[in-house]
2 protein chains.
Amino acid sequence: MNMTTAEENYLKAIYHLSEGGTKSVSTNDVAAEMKTKPASVSDMLRKLGDKEVIEYRKYYGVNITEEGKKRALQTIRKHRLWEVFLVDKLQFAWDEVHEVAEELEHIQSPLLIQRLDAYLNYPKFDPHGDPIPDEFGDVRARPRVALNEMEIDQTGQIVAVKDSSAAFLRYLDKVGAYIGARIKVLDKVEFDGSLEILVDQKKTLFMSKDVAANILVIQS
Amino acid sequence: MNMTTAEENYLKAIYHLSEGGTKSVSTNDVAAEMKTKPASVSDMLRKLGDKEVIEYRKYYGVNITEEGKKRALQTIRKHRLWEVFLVDKLQFAWDEVHEVAEELEHIQSPLLIQRLDAYLNYPKFDPHGDPIPDEFGDVRARPRVALNEMEIDQTGQIVAVKDSSAAFLRYLDKVGAYIGARIKVLDKVEFDGSLEILVDQKKTLFMSKDVAANILVIQS
DNA sequence: TATTTTATTTAGATATATCTAAATATATTT
DNA sequence: AAATATATTTAGATATATCTAAATAAAATA
């Protein structure tokens with residue numbers, strides 16, 4: 001059963017909106033995520049329901065099925081592998097890759113993805129630190145904490161950001177933080193929750209609690 | 001002015017059908033090339049005419065415009081660069097790449113193609129020996145050599161004959177060589193200058209130096 | 001040149017993906 | 001529980017890309 005590009009994109013959005021919670025995803029939420037109108041979403045939900053990648057009850061939103069989850073994860077896998085390719089091989093900046101990967105993820109060729117995976121040396125994370133599902137949809141589990149929740153003297157490695165807007169990624173780049181950077185919390189100001197961070201054993205930088213809350217870290 | 005995938009594919013087909021000749025390309029020819037019906041072609045020709053990438057006179061076929069040629073060459077450039085990537089980097093066989101490249105060529109990102117070109121070291125030919133247009137649509141002019149002047153292991157494509165007598169053409173046909181055939185020099189006998197040639201990756205044939213001197217090849 | 005054949009276009013369908021406006025179902029408030 | 005507000009669906013458009021069948025133009029033939 002083949003899916004169109006539009007169907008794949010909707011399914012991916014529904015998968016992301018489902019993550020974490022167990023509640024149904026509403027038509028309005030999907031419309032907001034897809035930057036389209038609820039009427040268009042209703043049409044698409046009926047189609048995705050017919051294909052049994054979601055369970056759709058009119059007026060009560062949708063739940064993604066196991067089959068749907070598997071398919072969404074395949075699309076996400078392709079997206080993230082292409083991002084690694086763009087950054088590692090074609091020298092794209094990590095904030096330039098999303099749009100292009102959004103197109104590349106819809107190329108239909110299992111062989112291509114298999115070969116690309118091997119060529120990139122089976123990466124487990126994309127340039128934003130998000131995990132790359134394997135060909136069965138399994139994702140390596142790795143606990144992540146927000147940087148603002150770490151205590152003084154704790155160390156770790158930046159692995160992802162919550163807000164991956166281009167503006168935020170540019171900011172990180174500018175101050176010398178990046179996905180993969182080793183960090184240590186040198187100080188926390190109790191008054192406003194701002195932090196002093198040591199990056200890669202050399203650069204010190206200050207950041208507000210709001211910024212730190214957007215940065216995800218694996219503790220070491 | 002953006003073009004849809006379907007429009008790009010039609011334009012590419014029209015470009016290929018125009019190559020060489022100066023005559024108009026007929027609706028039926030385009031339909032055959034696109035494996036679709038003449039009625040669908042008529043609709044598309046009107047659209048491409050409106051966009052001024054072709055000149056369309058009802059019932060008299062189409063001629064591609066300079067703008068159309070430029071655009072077709074950009075699509076061809078992308079297609080061939082992706083083919084090089086698939087073969088050189090992802091170990092695809094040369095006969096497995098076409099379909100995937102057919103999808104990849106429609107990805108819209110000038111930066112991607114620029115970087116890919118650099119990453120592949122600015123290749124001038126694709127894995128089938130076809131030239132890759134540069135970003136301005138220019139194709140490297142390729143000198144033609146007589147087949148007897150090629151060395152062992154060199155590859156190329158038969159593009160012309162010096163002696164075009166019917167007898168010689170019949171001979172070529174009989175042995176399975178033809179204008180357009182991909183060839184590789186497998187061996188050269190020093191004693192009499194005769195050659196062993198691989199045609200289209202499958203057929204081996206022997207020819208005298210005199211015959212080889214009559215065959216013109218573009219090397220790849 | 002009139003007739004027949006072939007090529008091409010037009011008319012009218014179908015399917016996808018979207019939209020706006022109107023209708024309707026569910027949720028919230030009084 | 002009725003009235004109001006919000007969320008969602010349906011109805012009816014538009015645009016793309018295709019198709020078959022019918023109409024028509026051009027080319028070939030008698």
# chains A, B, ... in the order shown; residues from 1 in each chain; ligands from 1
$ calpha_fit_rmsd --fixed "chain A" --moving "chain B"
8.1 Å
$ closest_atom_pairs --of "chain A" --to "chain B" --cutoff "10 Å" --atoms "only C-alpha atoms" --output "JSON lines"
{"residue": "A:Leu86", "atom": "CA", "partner": "B:Leu112", "partner_atom": "CA", "distance": 8.2}
{"residue": "A:Lys89", "atom": "CA", "partner": "B:Tyr119", "partner_atom": "CA", "distance": 7.5}
{"residue": "A:Leu90", "atom": "CA", "partner": "B:Arg115", "partner_atom": "CA", "distance": 5.7}
{"residue": "A:Gln91", "atom": "CA", "partner": "B:Arg115", "partner_atom": "CA", "distance": 7.7}
{"residue": "A:Phe92", "atom": "CA", "partner": "B:Arg115", "partner_atom": "CA", "distance": 8.5}
{"residue": "A:Glu96", "atom": "CA", "partner": "B:Leu111", "partner_atom": "CA", "distance": 9.9}
{"residue": "A:Val97", "atom": "CA", "partner": "B:Leu112", "partner_atom": "CA", "distance": 9.6}
{"residue": "A:Glu99", "atom": "CA", "partner": "B:Ser109", "partner_atom": "CA", "distance": 9.1}
{"residue": "A:Val100", "atom": "CA", "partner": "B:Ser109", "partner_atom": "CA", "distance": 6.9}
{"residue": "A:Ala101", "atom": "CA", "partner": "B:Ile107", "partner_atom": "CA", "distance": 9.7}
{"residue": "A:Glu102", "atom": "CA", "partner": "B:Ile107", "partner_atom": "CA", "distance": 9.9}
{"residue": "A:Glu103", "atom": "CA", "partner": "B:Ile107", "partner_atom": "CA", "distance": 6.4}
{"residue": "A:Leu104", "atom": "CA", "partner": "B:Ile107", "partner_atom": "CA", "distance": 7.0}
{"residue": "A:His106", "atom": "CA", "partner": "B:Glu103", "partner_atom": "CA", "distance": 9.2}
{"residue": "A:Ile107", "atom": "CA", "partner": "B:Glu103", "partner_atom": "CA", "distance": 6.4}
{"residue": "A:Gln108", "atom": "CA", "partner": "B:Val100", "partner_atom": "CA", "distance": 7.7}
{"residue": "A:Ser109", "atom": "CA", "partner": "B:Val100", "partner_atom": "CA", "distance": 6.9}
{"residue": "A:Leu111", "atom": "CA", "partner": "B:Phe92", "partner_atom": "CA", "distance": 9.0}
{"residue": "A:Leu112", "atom": "CA", "partner": "B:Leu90", "partner_atom": "CA", "distance": 7.8}
{"residue": "A:Ile113", "atom": "CA", "partner": "B:Leu90", "partner_atom": "CA", "distance": 9.8}
{"residue": "A:Gln114", "atom": "CA", "partner": "B:Leu90", "partner_atom": "CA", "distance": 9.4}
{"residue": "A:Arg115", "atom": "CA", "partner": "B:Leu90", "partner_atom": "CA", "distance": 5.7}
{"residue": "A:Leu116", "atom": "CA", "partner": "B:Leu90", "partner_atom": "CA", "distance": 6.6}
{"residue": "A:Asp117", "atom": "CA", "partner": "B:Leu90", "partner_atom": "CA", "distance": 9.6}
{"residue": "A:Ala118", "atom": "CA", "partner": "B:Leu90", "partner_atom": "CA", "distance": 8.5}
{"residue": "A:Tyr119", "atom": "CA", "partner": "B:Leu90", "partner_atom": "CA", "distance": 6.6}
{"residue": "A:Leu120", "atom": "CA", "partner": "B:Leu90", "partner_atom": "CA", "distance": 10.0}
$ write_last_selection --atoms "N, CA and C atoms" --output "CSV table (one decimal), in the first residue's frame"
chain,number,residue,atom,x,y,z
A,86,LEU,N,23.6,15.5,4.6
A,86,LEU,CA,23.7,16.9,4.2
A,86,LEU,C,24.8,17.6,5.0
A,89,LYS,N,28.4,15.1,4.8
A,89,LYS,CA,29.1,15.0,3.5
A,89,LYS,C,29.0,16.3,2.7
A,90,LEU,N,27.9,17.0,2.8
A,90,LEU,CA,27.8,18.2,1.9
A,90,LEU,C,28.0,19.5,2.6
A,91,GLN,N,28.5,19.4,3.9
A,91,GLN,CA,28.9,20.6,4.6
A,91,GLN,C,27.7,21.6,4.8
A,92,PHE,N,26.5,21.1,4.8
A,92,PHE,CA,25.4,22.0,5.2
A,92,PHE,C,25.5,22.4,6.7
A,96,GLU,N,20.3,24.4,8.1
A,96,GLU,CA,20.0,24.6,6.7
A,96,GLU,C,19.3,23.3,6.1
A,97,VAL,N,19.3,22.2,6.9
A,97,VAL,CA,19.0,20.9,6.4
A,97,VAL,C,17.5,20.6,6.3
A,99,GLU,N,14.5,21.8,5.5
A,99,GLU,CA,13.6,21.9,4.3
A,99,GLU,C,14.0,20.9,3.2
A,100,VAL,N,15.3,20.8,2.9
A,100,VAL,CA,15.7,19.8,1.9
A,100,VAL,C,15.4,18.4,2.3
A,101,ALA,N,15.7,18.1,3.6
A,101,ALA,CA,15.4,16.7,4.0
A,101,ALA,C,13.9,16.4,3.9
A,102,GLU,N,13.1,17.5,4.1
A,102,GLU,CA,11.6,17.4,4.0
A,102,GLU,C,11.2,16.9,2.6
A,103,GLU,N,12.0,17.2,1.6
A,103,GLU,CA,11.7,16.7,0.2
A,103,GLU,C,12.3,15.4,0.0
A,104,LEU,N,13.6,15.2,0.5
A,104,LEU,CA,14.3,14.0,0.2
A,104,LEU,C,13.7,12.8,0.9
A,106,HIS,N,10.8,11.7,0.9
A,106,HIS,CA,9.7,11.1,0.2
A,106,HIS,C,10.2,10.3,-1.0
A,107,ILE,N,11.5,10.2,-1.2
A,107,ILE,CA,12.0,9.4,-2.3
A,107,ILE,C,11.8,7.9,-2.0
A,108,GLN,N,11.2,7.2,-2.9
A,108,GLN,CA,10.8,5.8,-2.6
A,108,GLN,C,11.9,4.9,-3.2
A,109,SER,N,12.8,4.4,-2.3
A,109,SER,CA,13.7,3.4,-2.7
A,109,SER,C,14.4,2.8,-1.5
A,111,LEU,N,16.4,0.4,-1.3
A,111,LEU,CA,17.8,0.1,-1.5
A,111,LEU,C,18.6,1.4,-1.2
A,112,LEU,N,18.1,2.5,-1.7
A,112,LEU,CA,18.8,3.8,-1.5
A,112,LEU,C,19.0,4.1,0.0
A,113,ILE,N,18.0,3.9,0.8
A,113,ILE,CA,18.1,4.2,2.2
A,113,ILE,C,19.1,3.2,2.9
A,114,GLN,N,19.0,2.0,2.5
A,114,GLN,CA,19.9,0.9,3.0
A,114,GLN,C,21.4,1.3,2.7
A,115,ARG,N,21.6,1.7,1.5
A,115,ARG,CA,23.0,2.1,1.1
A,115,ARG,C,23.4,3.4,1.7
A,116,LEU,N,22.5,4.3,1.8
A,116,LEU,CA,22.9,5.6,2.5
A,116,LEU,C,23.2,5.4,3.9
A,117,ASP,N,22.5,4.5,4.6
A,117,ASP,CA,22.7,4.2,6.0
A,117,ASP,C,24.1,3.7,6.2
A,118,ALA,N,24.5,2.7,5.3
A,118,ALA,CA,25.8,2.1,5.3
A,118,ALA,C,26.9,3.1,5.1
A,119,TYR,N,26.6,4.0,4.0
A,119,TYR,CA,27.6,5.0,3.6
A,119,TYR,C,27.9,5.9,4.7
A,120,LEU,N,26.9,6.2,5.5
A,120,LEU,CA,27.0,7.2,6.6
A,120,LEU,C,27.5,6.5,7.9
$ interface_residues --of "chain C" --to "chain B" --cutoff "9 Å" --atoms "only C-alpha atoms (C1' of nucleotides)" --output "NGL selection string"
:C and (7-10)
$ interface_residues --of "chain D" --to "chain B" --cutoff "10 Å" --atoms "only C-alpha atoms (C1' of nucleotides)" --output "list in words"
DT16, DA17, DT18, DC19, DT20, DA25 and DA26 of chain D
$ residues_around --residues "DA27 (chain C)" --least-positions-apart "4" --cutoff "10 Å" --atoms "only C-alpha atoms (C1' of nucleotides)" --output "MDAnalysis selection string"
chainID D and resid 5:7
$ residues_around --residues "region 189-200 of chain B" --least-positions-apart "2" --cutoff "10 Å" --atoms "only C-alpha atoms (C1' of nucleotides)" --output "NGL selection string"
:B and (147-153 or 155-158 or 175-178 or 180-187 or 202-212)
$ residues_around --residues "DA15 (chain D)" --least-positions-apart "6" --cutoff "12 Å" --atoms "only C-alpha atoms (C1' of nucleotides)" --output "CSV table (one decimal) with N, CA, C and O atoms (P, O5', C5', C4', C3', O3' and C1' of nucleotides), in the first residue's frame"
chain,number,residue,atom,x,y,z
C,16,DT,P,-7.8,9.2,-5.1
C,16,DT,O5',-6.9,10.5,-5.0
C,16,DT,C5',-5.6,10.5,-5.6
C,16,DT,C4',-4.9,11.9,-5.4
C,16,DT,C3',-4.9,12.4,-4.0
C,16,DT,O3',-3.6,12.8,-3.7
C,16,DT,C1',-5.9,14.0,-5.4
C,17,DA,P,-3.1,13.1,-2.2
C,17,DA,O5',-3.4,14.6,-2.0
C,17,DA,C5',-2.6,15.6,-2.7
C,17,DA,C4',-3.2,16.9,-2.6
C,17,DA,C3',-3.6,17.3,-1.1
C,17,DA,O3',-2.9,18.5,-0.7
C,17,DA,C1',-5.3,17.9,-2.6
C,18,DT,P,-2.7,18.9,0.8
C,18,DT,O5',-3.8,20.1,0.9
C,18,DT,C5',-3.4,21.4,0.5
C,18,DT,C4',-4.6,22.0,-0.2
C,18,DT,C3',-5.6,22.8,0.7
C,18,DT,O3',-5.0,23.9,1.3
C,18,DT,C1',-6.6,21.9,-1.3
C,19,DC,P,-5.6,24.5,2.6
C,19,DC,O5',-6.7,25.5,2.1
C,19,DC,C5',-6.5,26.4,1.1
C,19,DC,C4',-7.8,26.9,0.5
C,19,DC,C3',-8.8,27.4,1.6
C,19,DC,O3',-8.6,28.8,1.8
C,19,DC,C1',-9.9,26.0,0.0
$ residues_around --residues "DT5 (chain C)" --least-positions-apart "2" --cutoff "10 Å" --atoms "only C-alpha atoms (C1' of nucleotides)" --output "MDAnalysis selection string"
(chainID C and resid 3 7) or (chainID D and resid 27:29)
$ write_last_selection --atoms "N, CA and C atoms (P, O5', C5', C4', C3', O3' and C1' of nucleotides)" --output "PDB file, in the first residue's frame"
ATOM      1  P    DT C   3     -16.201  12.766 -52.128  1.00  0.00           P
ATOM      2  O5'  DT C   3     -15.080  11.806 -51.548  1.00  0.00           O
ATOM      3  C5'  DT C   3     -14.550  10.768 -52.391  1.00  0.00           C
ATOM      4  C4'  DT C   3     -13.582   9.925 -51.583  1.00  0.00           C
ATOM      5  C3'  DT C   3     -14.093   9.507 -50.199  1.00  0.00           C
ATOM      6  O3'  DT C   3     -13.844   8.123 -50.060  1.00  0.00           O
ATOM      7  C1'  DT C   3     -11.976  10.544 -50.000  1.00  0.00           C
ATOM      8  P    DA C   7      -0.365   8.674 -37.310  1.00  0.00           P
ATOM      9  O5'  DA C   7      -0.721  10.169 -36.891  1.00  0.00           O
ATOM     10  C5'  DA C   7      -0.438  11.237 -37.788  1.00  0.00           C
ATOM     11  C4'  DA C   7      -0.895  12.534 -37.127  1.00  0.00           C
ATOM     12  C3'  DA C   7      -0.526  12.653 -35.656  1.00  0.00           C
ATOM     13  O3'  DA C   7       0.091  13.921 -35.524  1.00  0.00           O
ATOM     14  C1'  DA C   7      -2.886  12.969 -35.951  1.00  0.00           C
TER      15       DA C   7
ATOM     16  P    DA D  27      -0.203  19.012 -42.549  1.00  0.00           P
ATOM     17  O5'  DA D  27      -0.472  17.514 -43.004  1.00  0.00           O
ATOM     18  C5'  DA D  27      -0.231  16.455 -42.071  1.00  0.00           C
ATOM     19  C4'  DA D  27      -0.290  15.123 -42.779  1.00  0.00           C
ATOM     20  C3'  DA D  27       0.483  15.067 -44.093  1.00  0.00           C
ATOM     21  O3'  DA D  27       1.222  13.860 -44.061  1.00  0.00           O
ATOM     22  C1'  DA D  27      -1.800  14.477 -44.473  1.00  0.00           C
ATOM     23  P    DA D  28       1.946  13.219 -45.312  1.00  0.00           P
ATOM     24  O5'  DA D  28       0.835  12.226 -45.872  1.00  0.00           O
ATOM     25  C5'  DA D  28       0.444  11.105 -45.079  1.00  0.00           C
ATOM     26  C4'  DA D  28      -0.419  10.183 -45.917  1.00  0.00           C
ATOM     27  C3'  DA D  28       0.202   9.764 -47.253  1.00  0.00           C
ATOM     28  O3'  DA D  28      -0.032   8.366 -47.369  1.00  0.00           O
ATOM     29  C1'  DA D  28      -1.919  10.761 -47.639  1.00  0.00           C
ATOM     30  P    DT D  29       0.429   7.521 -48.613  1.00  0.00           P
ATOM     31  O5'  DT D  29      -0.925   7.369 -49.435  1.00  0.00           O
ATOM     32  C5'  DT D  29      -2.072   6.812 -48.767  1.00  0.00           C
ATOM     33  C4'  DT D  29      -3.232   6.825 -49.720  1.00  0.00           C
ATOM     34  C3'  DT D  29      -2.899   6.321 -51.136  1.00  0.00           C
ATOM     35  O3'  DT D  29      -3.874   5.364 -51.479  1.00  0.00           O
ATOM     36  C1'  DT D  29      -4.048   8.372 -51.259  1.00  0.00           C
TER      37       DT D  29
END
$ select_by_dssp --residues "chain B" --states "alpha helix (DSSP H)" --output "NGL selection string"
:B and (5-18 or 27-34 or 38-50 or 66-88 or 98-104 or 110-119 or 166-175 or 209-213)
$ residues_around --residues "Leu45 (chain A)" --least-positions-apart "4" --cutoff "8 Å" --atoms "only C-alpha atoms (C1' of nucleotides)" --output "mmCIF file with all heavy atoms, in the first residue's frame"
data_model
loop_
_atom_site.group_PDB
_atom_site.id
_atom_site.type_symbol
_atom_site.label_atom_id
_atom_site.label_comp_id
_atom_site.auth_asym_id
_atom_site.auth_seq_id
_atom_site.Cartn_x
_atom_site.Cartn_y
_atom_site.Cartn_z
ATOM 1 N N VAL A 41 -8.041 18.751 6.779
ATOM 2 C CA VAL A 41 -7.611 17.674 7.673
ATOM 3 C C VAL A 41 -8.683 16.580 7.735
ATOM 4 O O VAL A 41 -8.373 15.391 7.641
ATOM 5 C CB VAL A 41 -7.311 18.217 9.083
ATOM 6 C CG1 VAL A 41 -7.000 17.077 10.047
ATOM 7 C CG2 VAL A 41 -6.138 19.194 9.026
ATOM 8 N N GLY A 49 -7.665 6.901 7.654
ATOM 9 C CA GLY A 49 -8.452 5.903 8.382
ATOM 10 C C GLY A 49 -8.754 4.702 7.491
ATOM 11 O O GLY A 49 -8.605 3.549 7.908
ATOM 12 N N ILE A 54 -4.347 5.092 10.798
ATOM 13 C CA ILE A 54 -4.874 5.744 11.995
ATOM 14 C C ILE A 54 -6.261 5.170 12.296
ATOM 15 O O ILE A 54 -6.905 4.572 11.429
ATOM 16 C CB ILE A 54 -5.014 7.283 11.837
ATOM 17 C CG1 ILE A 54 -5.973 7.624 10.680
ATOM 18 C CG2 ILE A 54 -3.671 7.953 11.631
ATOM 19 C CD1 ILE A 54 -6.356 9.093 10.602
ATOM 20 N N TYR A 56 -9.854 6.519 13.287
ATOM 21 C CA TYR A 56 -10.499 7.826 13.183
ATOM 22 C C TYR A 56 -11.958 7.700 13.610
ATOM 23 O O TYR A 56 -12.738 6.964 13.004
ATOM 24 C CB TYR A 56 -10.396 8.303 11.731
ATOM 25 C CG TYR A 56 -11.124 9.586 11.425
ATOM 26 C CD1 TYR A 56 -11.096 10.663 12.317
ATOM 27 C CD2 TYR A 56 -11.813 9.739 10.238
ATOM 28 C CE1 TYR A 56 -11.759 11.846 12.010
ATOM 29 C CE2 TYR A 56 -12.471 10.921 9.927
ATOM 30 C CZ TYR A 56 -12.446 11.968 10.824
ATOM 31 O OH TYR A 56 -13.092 13.133 10.516
ATOM 32 N N VAL A 62 -8.005 11.416 16.353
ATOM 33 C CA VAL A 62 -7.418 10.178 15.838
ATOM 34 C C VAL A 62 -6.360 9.606 16.769
ATOM 35 O O VAL A 62 -5.756 10.321 17.571
ATOM 36 C CB VAL A 62 -6.737 10.413 14.467
ATOM 37 C CG1 VAL A 62 -7.750 10.831 13.434
ATOM 38 C CG2 VAL A 62 -5.625 11.431 14.585
#
